[in-house]
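Q: Before we start, here is the structure in question, set down as structure tokens.
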Amino acid sequence: MKIAVTGAHRVGKTTLVDKLQESLPEYVSKAEAYYELEETGFVFSDKPVTEEYLMLLDHSVKQITTSENNVIFDRCPIDILAYIQAVNEFKNYNIQSLYDRVQDAMIEIDLLVFVPVEKPDLAGCAESDLPELRRKVNGILKDWIWDFNLNAIEVAGSPVARRDQVIKYMSMRNEPTH
């Protein structure tokens, strides 16, 4: 099974991935594309530019399409496409072709877990963390998540509560959890 955790920045995706992996030891987790590329020596701009978003999108698609089963992805191509949309960085690109590419990759995802910005905001977002961009991306993801026709769940609450919601969803769908 391939699980992708999606959401804007500073919502607790990585914490949820860590909690899920603790409960699902047969799964491996994949760091988000940004961190994997950074580990190779790539230096991102303080605020990513179009070419960087497209590189992140390519890497995220590759993560999904080349991975075996029992993987939990921290972020997925939908996230990156939402960031491209939020910053209007698609001016010179056909957003529909990017959307189609993301949709083709997401077919391989068995469960999409959406971590929204909650009210009250549990994680918080400092001004230096671009709260307006976070709000925009959250709204775009809320609109798009269900358009991809995937098995999807929206989680809320503490990290443990979120993990438990995913595990419960998997058990109700008779997905292997151990």
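Numbering starts fresh at 1 for the residues of each chain in the structure tokens, the chains themselves are lettered A, B, ... in the order given, and ligands are numbered from 1 as they appear.
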For Val11 (chain A), work out the shell of residues within 12 Å, counting only C-alpha atoms and skipping chain neighbours fewer than 2 positions away, then give it as a ChimeraX atom specification.

A: /A:5-9,13-17,74-75,114-125,129,131,134-135,137-138,155-159,162

Q: Those residues you just picked out, can you put them in a file as a short mmCIF file (atom, residue, chain, number, x, y, z; two decimals), in the first residue's frame with C-alpha atoms?

A:
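Wrote again_1.cif, looks like this:
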data_model
loop_
_atom_site.label_atom_id
_atom_site.label_comp_id
_atom_site.auth_asym_id
_atom_site.auth_seq_id
_atom_site.Cartn_x
_atom_site.Cartn_y
_atom_site.Cartn_z
CA VAL A 5 0.29 12.64 3.47
CA THR A 6 -0.64 16.01 1.99
CA GLY A 7 -1.15 19.51 3.34
CA ALA A 8 0.29 23.00 3.44
CA HIS A 9 3.47 23.71 5.39
CA LYS A 13 2.54 16.17 8.09
CA THR A 14 5.99 14.96 9.09
CA THR A 15 4.87 14.33 12.65
CA LEU A 16 1.97 12.25 11.31
CA VAL A 17 4.29 10.32 8.98
CA ASP A 74 5.65 13.03 3.32
CA ARG A 75 4.06 15.30 0.70
CA PHE A 114 -5.06 15.37 4.06
CA VAL A 115 -3.80 17.36 7.04
CA PRO A 116 -5.53 20.75 6.91
CA VAL A 117 -4.84 23.94 8.80
CA GLU A 118 -7.14 23.53 11.78
CA LYS A 119 -9.15 26.07 13.72
CA PRO A 120 -7.76 26.75 16.21
CA ASP A 121 -4.43 26.38 14.42
CA LEU A 122 -2.60 23.65 16.33
CA ALA A 123 0.78 24.13 14.67
CA GLY A 124 0.87 27.89 14.23
CA CYS A 125 2.78 29.70 11.54
CA ASP A 129 6.97 30.88 7.50
CA PRO A 131 1.31 32.28 6.64
CA ARG A 134 0.07 28.50 3.79
CA ARG A 135 -3.55 29.71 3.89
CA VAL A 137 -2.29 26.34 -0.35
CA ASN A 138 -4.61 24.93 2.32
CA VAL A 155 -7.59 14.08 9.71
CA ALA A 156 -7.77 16.43 12.67
CA GLY A 157 -6.62 16.73 16.26
CA SER A 158 -3.42 15.75 18.01
CA PRO A 159 -0.72 13.74 16.22
CA ARG A 162 -4.57 11.81 13.48
#

Q: Among region 84-174 of chain A, which ones does DSSP place in alpha helix (DSSP H), written as a count of residues only?

A: 43

Q: At what distance in Å, to one decimal, does CA of Met1 (chain A) lie from CA of Met172 (chain A)?

A: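 Straight-line distance from CA of Met172 (chain A) to CA of Met1 (chain A) works out to 14.7 Å.
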
Q: Would you mind listing what lies within 10 Å of Val28 (chain A) as a ChimeraX atom specification, with only C-alpha atoms counted and same-chain residues fewer than 6 positions away left out?

A: /A:2,17-18,20-22,68-73

Q: Keeping only C-alpha atoms, write the selected residues to a file as a JSON list (two decimals), in the first residue's frame.

A:
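The file below, selection_32.json, is the result:
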[["chain", "number", "residue", "atom", "x", "y", "z"],
["A", 2, "LYS", "CA", 1.20, 3.51, -0.82],
["A", 17, "VAL", "CA", 4.29, 10.32, 8.98],
["A", 18, "ASP", "CA", 6.55, 9.54, 11.95],
["A", 20, "LEU", "CA", 2.28, 6.22, 11.25],
["A", 21, "GLN", "CA", 5.63, 4.60, 10.71],
["A", 22, "GLU", "CA", 5.88, 3.80, 14.43],
["A", 68, "GLU", "CA", 7.39, -0.26, -4.12],
["A", 69, "ASN", "CA", 4.48, -0.86, -1.73],
["A", 70, "ASN", "CA", 4.42, -0.14, 2.00],
["A", 71, "VAL", "CA", 5.59, 3.45, 1.67],
["A", 72, "ILE", "CA", 4.38, 6.56, 3.44],
["A", 73, "PHE", "CA", 5.15, 9.74, 1.50]]

Q: Just checking: using only C-alpha atoms, which residue out of A:Ile107, A:Leu130, A:Val113, A:Ile95 ends up closest to Arg10 (chain A)?

A: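 For Arg10 (chain A), the nearest of the candidates is A:Leu130.
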
Q: Using DSSP on the backbone coordinates, identify all residues within region 76-177 of chain A classified as strand (DSSP E); present the result as a list in words.

A: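 For region 76-177 of chain A, the strand (DSSP E) set is Leu111, Leu112, Val113, Phe114, Ala152, Ile153 and Glu154 of chain A.
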
Q: Grab the CA of Met170 (chain A) to CA of Pro25 (chain A) distance for me, in Å with one decimal place.

A: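 Pair CA of Met170 (chain A) / CA of Pro25 (chain A) returns 14.9 Å.
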
Q: Go through A:Glu32, A:Glu132, A:Glu39, A:Asp46 and flag the residue nearest Gln63 (chain A), using only C-alpha atoms for the distances.

A: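 Among A:Glu32, A:Glu132, A:Glu39, A:Asp46, it is A:Glu32 that comes nearest to Gln63 (chain A).
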
Q: Go through A:Ile153, A:Ile109, A:Thr50, A:Ser97 and flag the residue nearest Ile80 (chain A), using only C-alpha atoms for the distances.

A: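 With only C-alpha atoms as the atom set, the closest residue is A:Thr50.
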
Q: From the set A:Lys30, A:Leu141, A:Leu24, A:Tyr169, which residue has the shortest atom-to-atom contact distance to Ser67 (chain A), counting only C-alpha atoms?

A: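 Closest to Ser67 (chain A), using only C-alpha atoms: A:Lys30.
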
Q: In Å to one decimal, how far is CA of Leu98 (chain A) from CA of Leu81 (chain A)?

A: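 Atom-to-atom, CA of Leu81 (chain A) and CA of Leu98 (chain A) are spaced 7.4 Å apart.
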